[in-house]
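File shown: target38.cif (mmCIF, C-alpha atoms).
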```cif
data_query
#
loop_
_atom_site.label_atom_id
_atom_site.label_comp_id
_atom_site.auth_asym_id
_atom_site.auth_seq_id
_atom_site.Cartn_x
_atom_site.Cartn_y
_atom_site.Cartn_z
CA MET A 1304 121.07 118.01 34.40
CA ALA A 1305 123.50 116.08 32.20
CA HIS A 1306 124.29 112.55 33.37
CA MET A 1307 127.67 112.61 35.14
CA SER A 1308 130.42 110.17 34.18
CA LEU A 1309 131.36 107.45 36.66
CA PHE A 1310 134.64 109.20 37.47
CA ASN A 1311 132.97 112.58 38.08
CA THR A 1312 130.33 110.95 40.29
CA ALA A 1313 132.99 109.14 42.34
CA ALA A 1314 135.09 112.34 42.55
CA LEU A 1315 132.10 114.35 43.84
CA ILE A 1316 131.09 111.69 46.40
CA LEU A 1317 134.61 111.26 47.80
CA THR A 1318 135.31 115.01 47.89
CA LEU A 1319 132.08 115.64 49.83
CA ALA A 1320 132.79 112.63 52.09
CA ALA A 1321 136.22 114.08 52.95
CA LEU A 1322 134.77 117.57 53.53
CA PHE A 1323 131.81 116.36 55.62
CA GLY A 1324 134.06 113.92 57.50
CA TYR A 1325 136.28 116.86 58.45
CA VAL A 1326 133.26 118.94 59.58
CA ASN A 1327 132.07 116.03 61.72
CA HIS A 1328 135.54 115.36 63.17
CA ARG A 1329 136.14 119.01 64.05
CA TRP A 1330 132.74 120.17 65.30
CA ILE A 1331 130.08 117.47 65.60
CA LYS A 1332 132.35 114.69 66.94
CA ALA A 1333 129.81 111.91 66.31
CA PRO A 1334 130.98 108.41 65.21
CA GLN A 1335 132.12 108.69 61.58
CA THR A 1336 129.14 106.89 59.97
CA THR A 1337 126.51 108.67 62.05
CA GLY A 1338 128.26 112.03 61.67
CA LEU A 1339 128.35 111.80 57.88
CA VAL A 1340 124.61 111.08 57.74
CA ILE A 1341 123.92 114.06 60.04
CA VAL A 1342 126.10 116.49 58.03
CA ALA A 1343 124.66 115.26 54.69
CA LEU A 1344 121.12 115.56 56.09
CA LEU A 1345 121.81 119.13 57.26
CA ALA A 1346 123.27 119.96 53.83
CA SER A 1347 120.19 118.47 52.12
CA LEU A 1348 117.83 120.43 54.36
CA GLY A 1349 119.92 123.55 53.70
CA VAL A 1350 119.44 123.04 49.95
CA ILE A 1351 115.66 122.61 50.42
CA VAL A 1352 115.38 125.77 52.58
CA PHE A 1353 117.59 127.76 50.16
CA ASP A 1354 115.41 126.59 47.26
CA ILE A 1355 112.27 127.83 49.07
CA LEU A 1356 113.90 131.21 49.77
CA VAL A 1357 115.47 131.62 46.30
CA PRO A 1358 113.40 129.41 43.96
CA GLY A 1359 114.75 131.06 40.79
CA LEU A 1360 118.18 129.42 41.05
CA GLY A 1361 116.80 125.87 40.78
CA LEU A 1362 119.41 124.57 43.25
CA ARG A 1363 117.24 121.73 44.53
CA ASP A 1364 116.49 120.49 40.98
CA ALA A 1365 120.22 120.48 40.22
CA VAL A 1366 121.04 118.49 43.38
CA VAL A 1367 118.09 116.11 42.85
CA GLY A 1368 119.34 115.55 39.29
CA ALA A 1369 122.84 114.73 40.54
CA VAL A 1370 121.58 112.37 43.29
CA ALA A 1371 119.01 110.71 41.00
CA GLY A 1372 121.78 110.15 38.46
CA ILE A 1373 123.46 107.78 40.94
CA ASP A 1374 121.89 104.31 40.83
CA PHE A 1375 122.05 103.66 44.58
CA HIS A 1376 120.94 100.03 44.23
CA GLU A 1377 123.53 99.31 41.54
CA VAL A 1378 126.32 101.16 43.40
CA LEU A 1379 125.69 99.39 46.72
CA MET A 1380 124.34 95.93 45.88
CA LYS A 1381 126.58 95.30 42.87
CA GLY A 1382 129.57 97.39 43.88
CA MET A 1383 130.34 98.49 47.42
CA LEU A 1384 128.61 95.71 49.36
CA SER A 1385 131.02 92.91 48.38
CA PHE A 1386 134.03 94.91 49.65
CA LEU A 1387 132.28 96.08 52.83
CA LEU A 1388 131.08 92.58 53.80
CA PHE A 1389 134.46 91.00 53.12
CA ALA A 1390 136.24 93.69 55.15
CA GLY A 1391 133.78 93.14 58.01
CA ALA A 1392 134.12 89.34 57.91
CA LEU A 1393 137.95 89.52 57.94
CA HIS A 1394 137.90 90.83 61.52
CA VAL A 1395 135.38 88.34 62.96
CA ASP A 1396 136.79 85.53 65.10
CA LEU A 1397 135.58 82.27 63.54
CA ASP A 1398 135.99 80.28 66.77
CA GLU A 1399 133.78 82.77 68.65
CA LEU A 1400 131.31 82.59 65.75
CA LEU A 1401 131.18 78.79 65.61
CA SER A 1402 130.78 78.45 69.38
CA ARG A 1403 127.60 80.55 69.00
CA LYS A 1404 126.42 79.14 65.67
CA TRP A 1405 122.93 78.21 66.90
CA ALA A 1406 122.24 81.65 68.33
CA ILE A 1407 123.58 83.45 65.24
CA GLY A 1408 121.99 81.02 62.76
CA SER A 1409 118.55 81.18 64.39
CA MET A 1410 118.57 84.99 64.62
CA ALA A 1411 119.75 85.34 61.02
CA THR A 1412 117.07 82.99 59.63
CA LEU A 1413 114.11 82.53 61.99
CA GLY A 1414 114.60 86.08 63.30
CA VAL A 1415 114.51 87.66 59.84
CA LEU A 1416 111.43 85.64 58.78
CA LEU A 1417 109.62 86.46 62.03
CA SER A 1418 110.46 90.17 61.77
CA THR A 1419 109.36 90.23 58.10
CA ALA A 1420 105.94 88.80 59.05
CA ILE A 1421 105.43 91.09 62.09
CA VAL A 1422 106.44 94.27 60.23
CA GLY A 1423 104.55 93.23 57.06
CA PHE A 1424 101.21 92.54 58.74
CA GLY A 1425 101.65 95.38 61.23
CA PHE A 1426 102.42 97.89 58.50
CA TYR A 1427 99.47 96.63 56.45
CA GLY A 1428 97.20 97.43 59.41
CA LEU A 1429 98.83 100.85 59.89
CA SER A 1430 98.57 101.80 56.21
CA SER A 1431 94.90 100.77 56.10
CA TRP A 1432 94.18 102.77 59.27
CA LEU A 1433 95.93 105.85 57.81
CA GLY A 1434 94.06 105.49 54.52
CA LEU A 1435 97.18 104.70 52.46
CA HIS A 1436 95.83 101.22 51.57
CA ILE A 1437 99.15 99.65 50.60
CA PRO A 1438 98.56 96.02 49.45
CA LEU A 1439 99.56 93.24 51.88
CA MET A 1440 102.25 91.81 49.56
CA SER A 1441 103.90 95.26 49.26
CA CYS A 1442 103.83 95.56 53.06
CA LEU A 1443 105.51 92.14 53.39
CA VAL A 1444 108.16 93.27 50.89
CA PHE A 1445 108.74 96.30 53.16
CA GLY A 1446 109.01 93.89 56.12
CA ALA A 1447 111.69 91.90 54.28
CA LEU A 1448 113.80 94.89 53.25
CA ILE A 1449 113.70 96.57 56.68
CA SER A 1450 114.28 93.41 58.80
CA PRO A 1451 117.97 92.68 58.14
CA THR A 1452 120.34 94.75 60.23
CA ASP A 1453 123.04 96.44 58.20
CA PRO A 1454 126.48 94.92 58.90
CA VAL A 1455 128.22 98.07 57.69
CA ALA A 1456 126.40 100.30 60.19
CA VAL A 1457 126.56 97.69 62.98
CA LEU A 1458 130.28 96.92 62.59
CA GLY A 1459 131.02 100.65 62.33
CA ILE A 1460 129.37 101.23 65.72
CA LEU A 1461 131.00 98.14 67.31
CA LYS A 1462 134.44 99.65 66.60
CA THR A 1463 133.60 102.57 68.90
CA VAL A 1464 132.09 100.58 71.80
CA ASP A 1465 133.68 98.49 74.53
CA ILE A 1466 131.62 95.29 74.64
CA PRO A 1467 132.14 91.68 75.88
CA ARG A 1468 133.67 89.54 73.10
CA SER A 1469 130.95 86.89 73.25
CA LEU A 1470 128.24 89.50 72.61
CA GLU A 1471 130.31 91.24 69.94
CA ALA A 1472 130.64 87.92 68.06
CA LYS A 1473 126.88 87.41 68.14
CA ILE A 1474 126.07 90.94 66.96
CA ALA A 1475 128.71 90.92 64.20
CA GLY A 1476 127.93 87.35 63.08
CA GLU A 1477 124.19 87.93 62.97
CA SER A 1478 124.48 91.20 61.04
CA LEU A 1479 126.87 89.63 58.51
CA PHE A 1480 124.56 86.71 57.76
CA ASN A 1481 121.07 88.16 58.23
CA ASP A 1482 121.47 90.64 55.40
CA GLY A 1483 122.24 87.74 53.02
CA VAL A 1484 119.11 85.94 54.24
CA GLY A 1485 117.09 89.19 54.17
CA VAL A 1486 118.06 89.88 50.55
CA VAL A 1487 116.92 86.36 49.58
CA VAL A 1488 113.58 86.76 51.43
CA PHE A 1489 113.14 90.17 49.77
CA THR A 1490 113.89 88.68 46.31
CA VAL A 1491 111.29 85.93 46.81
CA LEU A 1492 108.57 88.28 48.13
CA ALA A 1493 109.25 90.96 45.48
CA ALA A 1494 109.00 88.25 42.81
CA MET A 1495 105.62 87.17 44.24
CA ALA A 1496 104.34 90.74 44.72
CA PHE A 1497 105.41 92.27 41.41
CA GLY A 1498 105.87 89.22 39.21
CA ASP A 1499 109.54 90.07 38.86
CA GLY A 1500 111.54 87.90 36.51
CA GLY A 1501 108.55 85.81 35.50
CA HIS A 1502 108.04 84.40 39.01
CA GLY A 1503 104.42 85.63 39.12
CA ALA A 1504 102.97 82.76 41.12
CA MET A 1505 105.46 80.60 42.98
CA THR A 1506 104.59 77.41 44.81
CA GLY A 1507 105.87 76.69 48.32
CA THR A 1508 108.35 74.16 46.92
CA GLU A 1509 109.73 76.66 44.39
CA ILE A 1510 110.17 79.26 47.14
CA ALA A 1511 112.01 76.73 49.35
CA ILE A 1512 114.27 75.67 46.45
CA LEU A 1513 115.06 79.31 45.55
CA PHE A 1514 115.82 80.10 49.21
CA LEU A 1515 118.10 77.07 49.62
CA ARG A 1516 119.85 77.61 46.29
CA GLU A 1517 120.63 81.23 47.19
CA THR A 1518 121.80 80.62 50.78
CA VAL A 1519 123.49 77.18 50.58
CA GLY A 1520 124.81 77.88 47.06
CA GLY A 1521 126.25 81.20 48.25
CA ALA A 1522 127.95 79.56 51.25
CA LEU A 1523 129.43 76.75 49.10
CA LEU A 1524 130.70 79.22 46.49
CA GLY A 1525 132.32 81.34 49.21
CA LEU A 1526 133.92 78.25 50.72
CA GLY A 1527 135.26 77.02 47.36
CA ALA A 1528 136.56 80.41 46.17
CA GLY A 1529 137.97 81.22 49.62
CA TRP A 1530 139.79 77.87 49.81
CA LEU A 1531 141.27 78.39 46.33
CA ALA A 1532 142.49 81.88 47.32
CA TYR A 1533 143.86 80.47 50.60
CA ARG A 1534 145.88 77.76 48.80
CA THR A 1535 147.22 80.33 46.31
CA ILE A 1536 148.25 82.78 49.06
CA LYS A 1537 149.88 79.95 51.04
CA SER A 1538 152.10 79.01 48.08
CA ILE A 1539 153.69 82.49 47.73
CA ASP A 1540 155.23 85.24 49.86
CA ASP A 1541 154.58 88.61 48.20
CA HIS A 1542 152.35 90.90 50.24
CA ASN A 1543 151.22 93.06 47.30
CA LEU A 1544 150.24 90.04 45.20
CA GLU A 1545 148.47 88.42 48.17
CA VAL A 1546 146.38 91.55 48.75
CA LEU A 1547 145.58 91.57 45.01
CA ILE A 1548 144.41 87.93 45.27
CA THR A 1549 141.95 88.87 48.05
CA LEU A 1550 140.67 91.73 45.88
CA ALA A 1551 140.18 89.30 42.98
CA LEU A 1552 138.45 86.86 45.35
CA VAL A 1553 135.91 89.51 46.36
CA MET A 1554 135.19 90.94 42.91
CA GLY A 1555 135.40 87.67 41.00
CA GLY A 1556 133.45 85.72 43.62
CA TYR A 1557 130.67 88.31 43.81
CA ALA A 1558 130.37 88.52 40.00
CA LEU A 1559 130.28 84.72 39.78
CA ALA A 1560 127.58 84.55 42.47
CA PHE A 1561 125.37 86.87 40.39
CA ALA A 1562 125.98 84.76 37.27
CA LEU A 1563 125.12 81.53 39.13
CA HIS A 1564 122.06 83.09 40.88
CA VAL A 1565 123.35 82.36 44.37
CA SER A 1566 123.74 84.84 47.23
CA GLY A 1567 126.75 87.12 46.64
CA PRO A 1568 126.63 88.61 50.17
CA ILE A 1569 126.74 85.15 51.81
CA ALA A 1570 129.55 84.04 49.45
CA VAL A 1571 131.85 86.98 50.32
CA VAL A 1572 131.12 86.70 54.06
CA VAL A 1573 132.10 83.00 54.07
CA ALA A 1574 135.21 83.73 51.97
CA GLY A 1575 136.11 86.63 54.31
CA LEU A 1576 135.77 84.46 57.42
CA LEU A 1577 138.02 81.80 55.84
CA ILE A 1578 140.75 84.26 54.77
CA GLY A 1579 140.51 86.34 57.97
CA ASN A 1580 140.93 83.33 60.25
CA HIS A 1581 142.54 80.38 58.47
CA GLY A 1582 144.32 82.53 55.89
CA THR A 1583 145.93 85.03 58.26
CA ARG A 1584 146.89 82.27 60.68
CA PHE A 1585 148.39 79.65 58.34
CA ALA A 1586 149.05 81.25 54.95
CA MET A 1587 150.50 84.71 55.64
CA THR A 1588 153.65 86.17 57.14
CA GLY A 1589 153.33 88.93 59.75
CA LYS A 1590 154.19 91.55 57.11
CA THR A 1591 151.46 90.32 54.73
CA ARG A 1592 148.91 90.12 57.55
CA ASP A 1593 149.67 93.73 58.49
CA HIS A 1594 149.34 94.92 54.87
CA MET A 1595 146.13 92.92 54.39
CA HIS A 1596 144.40 94.40 57.44
CA LYS A 1597 145.54 97.94 56.68
CA PHE A 1598 144.42 97.73 53.05
CA TRP A 1599 140.96 96.35 53.85
CA SER A 1600 140.47 98.71 56.82
CA LEU A 1601 141.27 101.72 54.64
CA LEU A 1602 139.00 100.54 51.81
CA ASP A 1603 136.26 99.85 54.36
CA GLU A 1604 136.54 103.40 55.79
CA ILE A 1605 136.50 105.07 52.34
CA LEU A 1606 133.48 103.10 51.05
CA ASN A 1607 131.69 103.54 54.39
CA ALA A 1608 132.10 107.30 54.14
CA ALA A 1609 130.76 107.34 50.57
CA LEU A 1610 127.80 105.10 51.45
CA PHE A 1611 126.62 107.07 54.48
CA LEU A 1612 127.04 110.35 52.63
CA LEU A 1613 124.74 109.00 49.90
CA ILE A 1614 122.19 107.90 52.52
CA GLY A 1615 122.16 111.43 53.94
CA PHE A 1616 121.60 112.95 50.50
CA GLU A 1617 118.77 110.61 49.45
CA VAL A 1618 116.36 112.70 51.59
CA ILE A 1619 116.34 115.40 48.93
CA THR A 1620 114.74 113.08 46.36
CA LEU A 1621 111.77 112.08 48.55
CA ASN A 1622 108.19 113.15 47.84
CA VAL A 1623 106.55 113.17 51.25
CA THR A 1624 102.89 113.65 52.20
CA GLY A 1625 101.22 113.99 55.58
CA GLY A 1626 100.13 110.34 55.42
CA THR A 1627 103.62 109.03 54.73
CA ILE A 1628 105.15 111.16 57.52
CA LEU A 1629 102.69 109.66 60.01
CA ALA A 1630 103.24 106.16 58.60
CA ALA A 1631 107.01 106.65 58.95
CA ALA A 1632 106.68 107.86 62.56
CA LEU A 1633 104.57 104.79 63.46
CA ALA A 1634 106.77 102.39 61.49
CA ILE A 1635 109.80 103.16 63.69
CA PRO A 1636 108.37 101.63 66.92
CA LEU A 1637 106.81 98.81 64.85
CA VAL A 1638 110.22 97.86 63.39
CA LEU A 1639 111.88 98.10 66.82
CA GLY A 1640 109.13 95.95 68.38
CA ALA A 1641 109.53 93.36 65.62
CA ARG A 1642 113.29 93.40 66.17
CA PHE A 1643 112.80 92.77 69.91
CA ILE A 1644 110.48 89.80 69.25
CA SER A 1645 112.69 88.39 66.47
CA VAL A 1646 115.76 88.51 68.74
CA SER A 1647 114.16 87.22 71.94
CA THR A 1648 112.05 84.41 70.38
CA PRO A 1649 114.93 82.30 68.99
CA ILE A 1650 116.86 82.85 72.24
CA MET A 1651 113.90 81.65 74.37
CA LEU A 1652 112.91 78.81 72.01
CA LEU A 1653 116.38 77.34 71.76
CA GLY A 1654 117.01 77.72 75.47
CA LEU A 1655 120.00 79.88 74.61
CA LYS A 1656 119.36 82.38 77.37
CA ARG A 1657 121.92 80.73 79.63
CA THR A 1658 124.66 81.19 76.99
CA PHE A 1659 123.90 84.88 76.53
CA THR A 1660 125.54 87.84 78.22
CA ARG A 1661 123.27 89.77 80.56
CA GLY A 1662 121.54 92.55 78.65
CA ALA A 1663 122.02 90.80 75.28
CA ILE A 1664 118.39 91.19 74.17
CA PRO A 1665 118.16 94.99 74.68
CA VAL A 1666 121.61 95.48 73.09
CA LEU A 1667 120.77 93.26 70.10
CA THR A 1668 117.44 95.08 69.71
CA TRP A 1669 118.77 98.64 69.95
CA GLY A 1670 122.11 97.86 68.28
CA GLY A 1671 120.42 96.27 65.25
CA LEU A 1672 120.98 99.25 62.96
CA ARG A 1673 119.36 99.53 59.53
CA GLY A 1674 121.39 101.10 56.76
CA GLY A 1675 122.20 101.26 53.08
CA ILE A 1676 120.99 97.75 52.26
CA SER A 1677 117.38 98.64 53.14
CA VAL A 1678 117.55 101.85 51.07
CA ALA A 1679 119.14 100.01 48.13
CA LEU A 1680 116.48 97.29 48.19
CA VAL A 1681 113.53 99.70 48.26
CA LEU A 1682 115.08 101.69 45.39
CA SER A 1683 115.36 98.47 43.37
CA LEU A 1684 111.57 97.96 43.38
CA PRO A 1685 109.77 98.47 40.07
CA ASN A 1686 107.89 101.77 39.71
CA VAL A 1687 104.70 100.60 41.40
CA PRO A 1688 102.22 103.15 42.86
CA ASP A 1689 103.31 102.42 46.47
CA LYS A 1690 107.05 102.84 45.84
CA GLN A 1691 107.27 106.50 46.98
CA ALA A 1692 105.45 105.75 50.24
CA LEU A 1693 107.63 102.69 50.93
CA LEU A 1694 110.77 104.69 50.10
CA SER A 1695 109.85 107.51 52.52
CA VAL A 1696 109.03 105.09 55.34
CA THR A 1697 112.19 103.01 54.76
CA TYR A 1698 114.28 106.14 54.72
CA ALA A 1699 112.79 107.42 57.99
CA VAL A 1700 113.46 104.09 59.76
CA VAL A 1701 117.05 103.97 58.43
CA VAL A 1702 117.88 107.56 59.43
CA PHE A 1703 116.33 107.11 62.89
CA SER A 1704 118.31 103.89 63.26
CA ILE A 1705 121.69 105.36 62.22
CA VAL A 1706 121.31 108.67 64.05
CA ALA A 1707 119.18 108.01 67.17
CA GLN A 1708 120.19 104.39 67.82
CA GLY A 1709 123.76 104.88 66.60
CA LEU A 1710 124.36 107.79 68.98
CA THR A 1711 122.80 106.08 72.03
CA VAL A 1712 123.83 102.43 71.68
CA LYS A 1713 126.89 103.05 73.91
CA GLN A 1714 124.63 104.19 76.75
CA VAL A 1715 122.34 101.15 76.28
CA ILE A 1716 125.36 98.82 76.46
CA ARG A 1717 126.69 100.57 79.60
CA ALA A 1718 123.28 100.41 81.26
CA THR A 1719 122.45 96.78 80.49
CA VAL A 1720 125.61 94.74 79.97
CA LYS A 1721 127.50 93.47 82.95
CA LYS A 1722 131.11 92.69 82.10
#
```
As structure tokens, please, write out the structure in this file.
Amino acid sequence: MAHMSLFNTAALILTLAALFGYVNHRWIKAPQTTGLVIVALLASLGVIVFDILVPGLGLRDAVVGAVAGIDFHEVLMKGMLSFLLFAGALHVDLDELLSRKWAIGSMATLGVLLSTAIVGFGFYGLSSWLGLHIPLMSCLVFGALISPTDPVAVLGILKTVDIPRSLEAKIAGESLFNDGVGVVVFTVLAAMAFGDGGHGAMTGTEIAILFLRETVGGALLGLGAGWLAYRTIKSIDDHNLEVLITLALVMGGYALAFALHVSGPIAVVVAGLLIGNHGTRFAMTGKTRDHMHKFWSLLDEILNAALFLLIGFEVITLNVTGGTILAAALAIPLVLGARFISVSTPIMLLGLKRTFTRGAIPVLTWGGLRGGISVALVLSLPNVPDKQALLSVTYAVVVFSIVAQGLTVKQVIRATVKK
């Protein structure tokens, strides 16, 4: 199939997102993100079944060609993610976040590293037992890409659930920062596993320097760019221009982060927190604040719809075997178990239990949804022999997370959280 132009690709994605969103709203009535994945999955399965019944038409090959023509990693990691993270960070209360900085910081760093190790070694044991024999370093890379919760999926679900503010701040704050940390851990491990970018063998010091440069550098860049945008917005009163400045902050800041080799996700989250709290409070009129929130909410909804539609369609490109199906089924409880340990350990170690809402651990465990970031990271791996197996397993965990956990997290919150 001929490679589609960027405009045609975007037109197709948004048209299908609108159509599937309507189907979900009218008949399925699931939360928007979950519903889009379900409808896209059903459409994908419909294409596969139709192709089996009428193989002569080559419908599946045509759809696979269209989906494969979209560079998911490029579209999400270098396009959508900056907007989605900034939009998410705009609505997070910085005071709530700072009052829980130790809980959020420990879960986003220690938690991610702990989960990466548990999933990596656990999956290595599983793959050996199933006869897949995936190397340990590849399993650790899988641990790193599946450990961060997806802020887009998590914040999307939080909008639909009534939850104590203190717990909401922890969940939102952790998901916004742990993906930045997770991407850095993934980059380091992928470099060690596949010799990416000439990093074949890295010493412990080099790893620590790379980690610090990405995380601290990203935070400092976000702070600097955010402050500059804040001062500029404060000096004028023109709501259209002020919204344009925030758009420039996101795109320019993210592009600059890539050029400087610091974490783009962390940079836009820090900038978003600064503009969403300090900026809206001290630099904007009520009219500008209203325009700002409406613009970013709308952009967030549109990109969200496109992203979850793409996740639903990725199933059609998978090459699954009996071994990978079994590995995927066993990986789901492994990832959930690792999530439980990585959430509860920092809480117990830091003696933070007293500051936590009752039921916080089960809610943080079950509400820690995986999403597009995990899929984008696994698709970015070089074409190594284990890539198809890792892709299938990642995809299964992500779909289970968005559909099963996304649809039941309300019930878990009702059952465990005492207001």
Residue nearest Val1565 (chain A) among A:Gly1529, A:Gly1324, A:Gly1483, A:Pro1685 (counting only C-alpha atoms) =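 Using only C-alpha atoms, Val1565 (chain A) sits closest to A:Gly1483.
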Explicit residues for the PyMOL selection byres ((chain A and resi 1691) around 10) (as a short mmCIF file (atom, residue, chain, number, x, y, z; two decimals) with C-alpha atoms, in the frame of the given file):
```cif
data_model
loop_
_atom_site.label_atom_id
_atom_site.label_comp_id
_atom_site.auth_asym_id
_atom_site.auth_seq_id
_atom_site.Cartn_x
_atom_site.Cartn_y
_atom_site.Cartn_z
CA THR A 1620 114.74 113.08 46.36
CA LEU A 1621 111.77 112.08 48.55
CA ASN A 1622 108.19 113.15 47.84
CA VAL A 1623 106.55 113.17 51.25
CA THR A 1624 102.89 113.65 52.20
CA THR A 1627 103.62 109.03 54.73
CA VAL A 1681 113.53 99.70 48.26
CA LEU A 1682 115.08 101.69 45.39
CA ASN A 1686 107.89 101.77 39.71
CA VAL A 1687 104.70 100.60 41.40
CA PRO A 1688 102.22 103.15 42.86
CA ASP A 1689 103.31 102.42 46.47
CA LYS A 1690 107.05 102.84 45.84
CA ALA A 1692 105.45 105.75 50.24
CA LEU A 1693 107.63 102.69 50.93
CA LEU A 1694 110.77 104.69 50.10
CA SER A 1695 109.85 107.51 52.52
CA VAL A 1696 109.03 105.09 55.34
CA THR A 1697 112.19 103.01 54.76
#
```
Ref. answer, residues at most 12 Å from (109.3, 81.6, 59.4) with only C-alpha atoms, as a list in words |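 Looking at atoms near the point gives Ser1409, Met1410, Ala1411, Thr1412, Leu1413, Gly1414, Val1415, Leu1416, Leu1417, Ser1418, Thr1419, Ala1420, Ile1421, Ala1447, Val1484, Val1488, Ala1511, Ser1645, Thr1648 and Pro1649 of chain A.
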Hey, what's within 12 Å of Ile1614 (chain A) if we count all atoms listed in the file and toss same-chain stuff fewer than 6 positions away? As a ChimeraX atom specification, please?
-> /A:1316,1320,1336-1344,1347,1370,1373,1375-1376,1379,1456,1607-1608,1620-1621,1673-1679,1682,1697-1703,1705-1706
Computed gap from CA of Ser1385 (chain A) to CA of Met1554 (chain A) is 7.2 Å
Would you please work out which residue, of A:Leu1458, A:Leu1384, A:Leu1523, A:Leu1637, is nearest to Lys1473 (chain A) when using all atoms listed in the file?
->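 Counting all atoms listed in the file, the residue closest to Lys1473 (chain A) is A:Leu1458.
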Taking into account only C-alpha atoms, which residue in the set A:Ala1346, A:Gly1671, A:Phe1353, A:Ala1609 is nearest to Leu1315 (chain A)?
->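 Checking each of A:Ala1346, A:Gly1671, A:Phe1353, A:Ala1609 against Leu1315 (chain A), counting only C-alpha atoms, the winner is A:Ala1609.
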Please provide as JSON, numbers by chain all residues within 10 Å of Thr1549 (chain A), with the sequence filter that same-chain residues fewer than 4 positions apart are discarded (counting only C-alpha atoms).
-> {"A": [1389, 1529, 1532, 1533, 1536, 1544, 1545, 1553, 1554, 1555, 1574, 1575, 1578, 1595, 1599]}
Selection export as a short mmCIF file (atom, residue, chain, number, x, y, z; two decimals), in the frame of the given file, atoms kept: C-alpha atoms:
```cif
data_model
loop_
_atom_site.label_atom_id
_atom_site.label_comp_id
_atom_site.auth_asym_id
_atom_site.auth_seq_id
_atom_site.Cartn_x
_atom_site.Cartn_y
_atom_site.Cartn_z
CA PHE A 1389 134.46 91.00 53.12
CA GLY A 1529 137.97 81.22 49.62
CA ALA A 1532 142.49 81.88 47.32
CA TYR A 1533 143.86 80.47 50.60
CA ILE A 1536 148.25 82.78 49.06
CA LEU A 1544 150.24 90.04 45.20
CA GLU A 1545 148.47 88.42 48.17
CA VAL A 1553 135.91 89.51 46.36
CA MET A 1554 135.19 90.94 42.91
CA GLY A 1555 135.40 87.67 41.00
CA ALA A 1574 135.21 83.73 51.97
CA GLY A 1575 136.11 86.63 54.31
CA ILE A 1578 140.75 84.26 54.77
CA MET A 1595 146.13 92.92 54.39
CA TRP A 1599 140.96 96.35 53.85
#
```
Could you tell me which residues the PyMOL selection byres ((chain A and resi 1569) around 7) grabs in this file, written as a PyMOL selection string?
-> chain A and resi 1480+1483+1518+1521-1522+1566-1568+1570-1573
Mind writing the picked residues with C-alpha atoms as a PDB file, in the frame of the given file?
```
ATOM      1  CA  PHE A1480     124.560  86.710  57.760  1.00  0.00           C
ATOM      2  CA  GLY A1483     122.240  87.740  53.020  1.00  0.00           C
ATOM      3  CA  THR A1518     121.800  80.620  50.780  1.00  0.00           C
ATOM      4  CA  GLY A1521     126.250  81.200  48.250  1.00  0.00           C
ATOM      5  CA  ALA A1522     127.950  79.560  51.250  1.00  0.00           C
ATOM      6  CA  SER A1566     123.740  84.840  47.230  1.00  0.00           C
ATOM      7  CA  GLY A1567     126.750  87.120  46.640  1.00  0.00           C
ATOM      8  CA  PRO A1568     126.630  88.610  50.170  1.00  0.00           C
ATOM      9  CA  ALA A1570     129.550  84.040  49.450  1.00  0.00           C
ATOM     10  CA  VAL A1571     131.850  86.980  50.320  1.00  0.00           C
ATOM     11  CA  VAL A1572     131.120  86.700  54.060  1.00  0.00           C
ATOM     12  CA  VAL A1573     132.100  83.000  54.070  1.00  0.00           C
TER      13      VAL A1573
END
```
Judged by only C-alpha atoms, the minimum distance to Ser1308 (chain A) among A:Leu1322, A:Ala1369, A:Leu1577, A:Ile1466 is found for A:Ala1369
Ser1402 (chain A): which residues within 12 Å, counting all atoms listed in the file, same-chain residues fewer than 2 positions away excluded, as a list in words?
-> Asp1396, Leu1397, Asp1398, Glu1399, Leu1400, Lys1404, Trp1405, Ala1406, Ile1407, Gly1408, Ser1469, Leu1470, Ala1472, Lys1473, Gly1476, Thr1658 and Phe1659 of chain A
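Proximity ranking of A:Gln1714, A:Ser1600, A:Thr1591, A:Thr1452 relative to Thr1668 (chain A) places A:Thr1452 first, based on all atoms listed in the file.
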For the structure shown, which residues end up in the PyMOL selection byres ((chain A and resi 1513) around 12)? Put them as a PyMOL selection string, please?
-> chain A and resi 1484+1487-1492+1494+1502+1505-1512+1514-1521+1564-1566
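Using only C-alpha atoms for every distance, the candidate list A:Leu1576, A:Leu1672, A:Ile1539, A:Leu1680 yields A:Leu1576 as the residue closest to Leu1526 (chain A).
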Find the residues around Ala1630 (chain A) up to 9 Å (all atoms listed in the file counted), leave out those fewer than 6 positions away in its own chain, and share them as a PyMOL selection string.
-> chain A and resi 1426+1429-1430+1433+1435+1692+1696
If you measure from CA of Gln1335 (chain A) to CA of Ala1707 (chain A), what distance in Å do you get, rounded to one decimal?
-> 14.1 Å
